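Everything below concerns the one structure shown next.
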Amino acid sequence: MKKPRILVVGSSNTDMIIKLGRIPRPGETLIGGRFVTAAGGKGANQAVAAARAGADVTFVARVGRDMFGDRALAGLKADKINTRHIQRDPKAPSGVALIFVSESGENSIAVASGANEKLLPKDVQNAEAAFKNADMLVTQLENPVSSITAAARLAKKHGVPVILNPAPAPAAPLPASLLKLVSIITPNETEAEFLSGIKVTDTASAEAAARVIMGKGVKNVIITLGSKGAYLCNAETSKLVPVRKVKAVDTTAAGDTFNGALAVALSEGRSLADAVCFANAAATISVTRLGAQPSAPTRAEIERLVRKK
C-alpha cells in the first residue's frame, strides 16, 4: 500500500516534565518529583504520531536558533519527517512547555510559545508545494489563527481535506471563515464546550454539542472523551466509539496521537468509524507511557491493539 502523505502545520516545543504524586495547588511547593525532558508541541506530536503510524509526513513550523530548536529538528529527522519547511527564527526562542504529571496520569501544562507565535501566513504560503502533494492536512491552535486559516485555504485550493484539532481552546471564537474550510474537527470535552456553549458530561451532551458545532459549517465532529473513547457525529451517524481500558501513566499528547493516527487511517481509505477505532488504539497506547513524542506508538503496536477487540 502506498504510504499516505500527511502535512502538519503546527507547533514545536520542548517539554519539561515533573512526575509527582499529585499536581501542586496554587502557592504550593512539592518536593521529590521525577524530572524528564521530551520533545513536544502539538504540531510536532501530531507529525511524529502520523509518521510512526505509517505516513510520509511534512511538517511546517518555526523554531528558534537555539539548542531546543536543534534537538527538535534532530528528533523529527530521526522519525524521517520532512523538515524543509521548518523555519529557524533569528530572534524568538523555541517553544517550551512546563508540565506537571500526577500518578493518575492527569497533567497541568503551561506553554511559552516563543517562535510558534511567529509562524506567519507567508511561512505557510511559502510551503505551498507541500500542499499540492498532500493527502490530508492536520493542524491545531498553538500558532496564530491567521496562519492556520492560511493553511486551510491552501488545502482547500488543492483539494486536501483538513483535520483541525481546536486545542488549546482559543481565547476568542474561531472565525467562521476557518470552520467552513474544516473537514473534521476533533475537540476534547473542554474545547467542545467552548465551541458549542454546551457542557459535555455524557453521550447525550456530546451529541448536542456536536450538532451545534456542525451548524457552524463543519461536517464531521469527533469529540475525544478520554477513557470513554471518542464521540463521532455527522449527517450519517452519531455514536460513541469506545476504547480499551488501561492504566494511564501520562495523558500528555494523547489527543495529538489520536489526530496523527486518524489522518493516516483516513488517508488509507478507511471509513471514519474505522479510522476513529485506529486512532483510539494509538491514543490508548500513548497514555501508558511518559512524555509526548516518546509515547507515540508504532504502526505494528497500533495494529496489535486493534486486533485485540
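Naming scheme: A, B, ... for chains in displayed order of the C-alpha cells; residues 1 onward per chain; ligands 1 onward as shown.
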
message = Would you pick out the contacts of Ala155 of chain A at 12 Å or less, using only C-alpha atoms, so that residues sharing its chain but fewer than 2 positions from it are not included, and give the list as an NGL selection string?
response = :A and (6-9 or 124-125 or 127-139 or 148-153 or 157-164 or 178 or 181-183)

query = Using only C-alpha atoms, which residues sit within 6 Å of Ala55 of chain A once same-chain residues fewer than 2 positions away are excluded, as a PyMOL selection string?
reply = chain A and resi 3-5+50-51+57

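Restricting the calculation to only C-alpha atoms, the smallest distance between Thr251 of chain A and any of A:Pro294, A:Gly269, A:Gly10, A:Gly105 is found for A:Gly105.
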
ask   = Residues at most 9 Å from segment 165-174 of chain A, counting only C-alpha atoms, excluding those fewer than 4 positions away in the same chain, as an MDAnalysis selection string?
value = chainID A and resid 42 138:142 145 178:179 184:188 190:192 194:195 255:256 259

request  = Find the spatial neighbours of Asp89 of chain A, counting only C-alpha atoms, within a cut-off of 8 Å - ignore same-chain residues fewer than 6 positions away - and output them as a list of chain:residue names.
outcome  = A:Arg62, A:Val63, A:Gly64, A:Arg65, A:Ala115, A:Lys118

request  = Using DSSP on the backbone coordinates, identify the residues of segment 33-136 of chain A assigned to alpha helix (DSSP H); present them as a PyMOL selection string.
outcome  = chain A and resi 42-52+67-78+121-125+128-132

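Across A:Asp250, A:Asp274, A:Asp123, A:Glu189, the tightest approach to Ala296 of chain A is made by A:Asp250 when counting only C-alpha atoms.
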
Fewer than 4 positions away in the same chain doesn't count, so skip those; otherwise give me all residues within 12 Å of Lys308 of chain A, counting only C-alpha atoms, as a PDB file with all heavy atoms, in the first residue's frame.
```
ATOM      1  N   VAL A 243     -12.990   2.866  23.938  1.00  0.00           N
ATOM      2  CA  VAL A 243     -11.580   2.474  23.944  1.00  0.00           C
ATOM      3  C   VAL A 243     -11.358   1.382  24.981  1.00  0.00           C
ATOM      4  O   VAL A 243     -12.148   1.215  25.913  1.00  0.00           O
ATOM      5  CB  VAL A 243     -10.646   3.666  24.259  1.00  0.00           C
ATOM      6  CG1 VAL A 243     -10.712   4.702  23.178  1.00  0.00           C
ATOM      7  CG2 VAL A 243     -10.977   4.279  25.614  1.00  0.00           C
ATOM      8  N   ARG A 244     -10.261   0.656  24.814  1.00  0.00           N
ATOM      9  CA  ARG A 244      -9.857  -0.351  25.787  1.00  0.00           C
ATOM     10  C   ARG A 244      -9.368   0.349  27.062  1.00  0.00           C
ATOM     11  O   ARG A 244      -8.670   1.362  27.001  1.00  0.00           O
ATOM     12  CB  ARG A 244      -8.746  -1.210  25.192  1.00  0.00           C
ATOM     13  CG  ARG A 244      -8.260  -2.340  26.098  1.00  0.00           C
ATOM     14  CD  ARG A 244      -7.193  -3.151  25.387  1.00  0.00           C
ATOM     15  NE  ARG A 244      -7.757  -3.851  24.245  1.00  0.00           N
ATOM     16  CZ  ARG A 244      -8.312  -5.063  24.294  1.00  0.00           C
ATOM     17  NH1 ARG A 244      -8.380  -5.697  25.445  1.00  0.00           N
ATOM     18  NH2 ARG A 244      -8.794  -5.628  23.217  1.00  0.00           N
ATOM     19  N   CYS A 277     -11.479   4.106  15.409  1.00  0.00           N
ATOM     20  CA  CYS A 277     -11.015   2.935  16.167  1.00  0.00           C
ATOM     21  C   CYS A 277      -9.494   2.846  16.146  1.00  0.00           C
ATOM     22  O   CYS A 277      -8.858   2.584  17.173  1.00  0.00           O
ATOM     23  CB  CYS A 277     -11.622   1.659  15.595  1.00  0.00           C
ATOM     24  SG  CYS A 277     -13.377   1.434  15.931  1.00  0.00           S
ATOM     25  N   PHE A 278      -8.906   3.055  14.978  1.00  0.00           N
ATOM     26  CA  PHE A 278      -7.449   3.019  14.819  1.00  0.00           C
ATOM     27  C   PHE A 278      -6.814   4.128  15.659  1.00  0.00           C
ATOM     28  O   PHE A 278      -5.831   3.901  16.375  1.00  0.00           O
ATOM     29  CB  PHE A 278      -7.118   3.186  13.341  1.00  0.00           C
ATOM     30  CG  PHE A 278      -5.660   3.099  12.994  1.00  0.00           C
ATOM     31  CD1 PHE A 278      -5.058   1.867  12.767  1.00  0.00           C
ATOM     32  CD2 PHE A 278      -4.882   4.243  12.880  1.00  0.00           C
ATOM     33  CE1 PHE A 278      -3.703   1.783  12.434  1.00  0.00           C
ATOM     34  CE2 PHE A 278      -3.535   4.170  12.543  1.00  0.00           C
ATOM     35  CZ  PHE A 278      -2.942   2.927  12.319  1.00  0.00           C
ATOM     36  N   ALA A 281      -6.923   3.434  19.383  1.00  0.00           N
ATOM     37  CA  ALA A 281      -5.902   2.472  19.788  1.00  0.00           C
ATOM     38  C   ALA A 281      -4.551   3.163  19.965  1.00  0.00           C
ATOM     39  O   ALA A 281      -3.827   2.911  20.940  1.00  0.00           O
ATOM     40  CB  ALA A 281      -5.802   1.349  18.760  1.00  0.00           C
ATOM     41  N   GLU A 301       2.386  -1.674  16.740  1.00  0.00           N
ATOM     42  CA  GLU A 301       1.758  -1.638  18.058  1.00  0.00           C
ATOM     43  C   GLU A 301       0.277  -1.287  17.958  1.00  0.00           C
ATOM     44  O   GLU A 301      -0.570  -1.874  18.649  1.00  0.00           O
ATOM     45  CB  GLU A 301       2.472  -0.624  18.944  1.00  0.00           C
ATOM     46  CG  GLU A 301       3.873  -1.056  19.368  1.00  0.00           C
ATOM     47  CD  GLU A 301       4.617   0.041  20.097  1.00  0.00           C
ATOM     48  OE1 GLU A 301       4.480   1.229  19.727  1.00  0.00           O
ATOM     49  OE2 GLU A 301       5.347  -0.289  21.045  1.00  0.00           O
ATOM     50  N   ILE A 302      -0.046  -0.321  17.111  1.00  0.00           N
ATOM     51  CA  ILE A 302      -1.449   0.072  16.943  1.00  0.00           C
ATOM     52  C   ILE A 302      -2.265  -1.088  16.390  1.00  0.00           C
ATOM     53  O   ILE A 302      -3.354  -1.410  16.890  1.00  0.00           O
ATOM     54  CB  ILE A 302      -1.567   1.293  16.004  1.00  0.00           C
ATOM     55  CG1 ILE A 302      -0.812   2.494  16.577  1.00  0.00           C
ATOM     56  CG2 ILE A 302      -3.035   1.655  15.787  1.00  0.00           C
ATOM     57  CD1 ILE A 302      -0.660   3.638  15.596  1.00  0.00           C
ATOM     58  N   GLU A 303      -1.746  -1.744  15.361  1.00  0.00           N
ATOM     59  CA  GLU A 303      -2.489  -2.840  14.737  1.00  0.00           C
ATOM     60  C   GLU A 303      -2.695  -4.007  15.690  1.00  0.00           C
ATOM     61  O   GLU A 303      -3.748  -4.658  15.675  1.00  0.00           O
ATOM     62  CB  GLU A 303      -1.782  -3.289  13.464  1.00  0.00           C
ATOM     63  CG  GLU A 303      -1.876  -2.246  12.344  1.00  0.00           C
ATOM     64  CD  GLU A 303      -1.224  -2.696  11.056  1.00  0.00           C
ATOM     65  OE1 GLU A 303      -0.344  -3.580  11.119  1.00  0.00           O
ATOM     66  OE2 GLU A 303      -1.581  -2.147  10.000  1.00  0.00           O
ATOM     67  N   ARG A 304      -1.702  -4.273  16.539  1.00  0.00           N
ATOM     68  CA  ARG A 304      -1.867  -5.351  17.525  1.00  0.00           C
ATOM     69  C   ARG A 304      -3.019  -5.043  18.478  1.00  0.00           C
ATOM     70  O   ARG A 304      -3.819  -5.925  18.798  1.00  0.00           O
ATOM     71  CB  ARG A 304      -0.568  -5.546  18.317  1.00  0.00           C
ATOM     72  CG  ARG A 304       0.448  -6.416  17.629  1.00  0.00           C
ATOM     73  CD  ARG A 304       1.504  -6.945  18.593  1.00  0.00           C
ATOM     74  NE  ARG A 304       2.278  -5.885  19.219  1.00  0.00           N
ATOM     75  CZ  ARG A 304       3.395  -5.389  18.713  1.00  0.00           C
ATOM     76  NH1 ARG A 304       3.874  -5.851  17.574  1.00  0.00           N
ATOM     77  NH2 ARG A 304       4.051  -4.426  19.345  1.00  0.00           N
TER      78      ARG A 304
END
```

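Using only C-alpha atoms, the shortest contact distance between Gln87 of chain A and any of A:Ser108, A:Asn116, A:Gln46, A:Thr284 is found at A:Asn116.
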
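Relative to atom CA of Thr288 of chain A, atom CA of Val306 of chain A is found at 15.9 Å.
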
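Here atom CA of Met214 of chain A stands at a distance of 8.6 Å from atom CA of Cys233 of chain A.
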
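Distances to Ile86 of chain A were evaluated for A:Pro26, A:Val48, A:Ile99, A:Asn126 using only C-alpha atoms, and the minimum falls at A:Asn126.
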
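If you measure from each of A:Ile81, A:Val36, A:Leu266, A:Leu120 to Thr58 of chain A using only C-alpha atoms, the closest one turns out to be A:Ile81.
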
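Shortest atom-to-atom contact with Val246 of chain A among A:Gln293, A:Asn143, A:Ser104, A:Ser177: A:Ser104, counting only C-alpha atoms.
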
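For the pair atom CA of Ile222 of chain A and atom CA of Thr201 of chain A, the interatomic distance is 14.8 Å.
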
message = Taking 3 positions as the minimum chain separation for residues in the same chain, which residues sit within 8 Å of Ala38 of chain A when counting only C-alpha atoms? Answer as a count of residues only.
response = 8

task = Write down as a list in words the residues of segment 65-110 of chain A whose backbone DSSP state falls under strand (DSSP E or B).
result = Asn82, Ile86, Gln87, Arg88, Asp89, Gly95, Val96, Ala97, Leu98, Ile99, Phe100, Val101, Asn107, Ser108, Ile109 and Ala110 of chain A

task = For Leu30 of chain A, work out the shell of residues within 12 Å, counting only C-alpha atoms and skipping chain neighbours fewer than 4 positions away, then give it as a VMD selection string.
result = chain A and resid 18 to 26 34 100 102
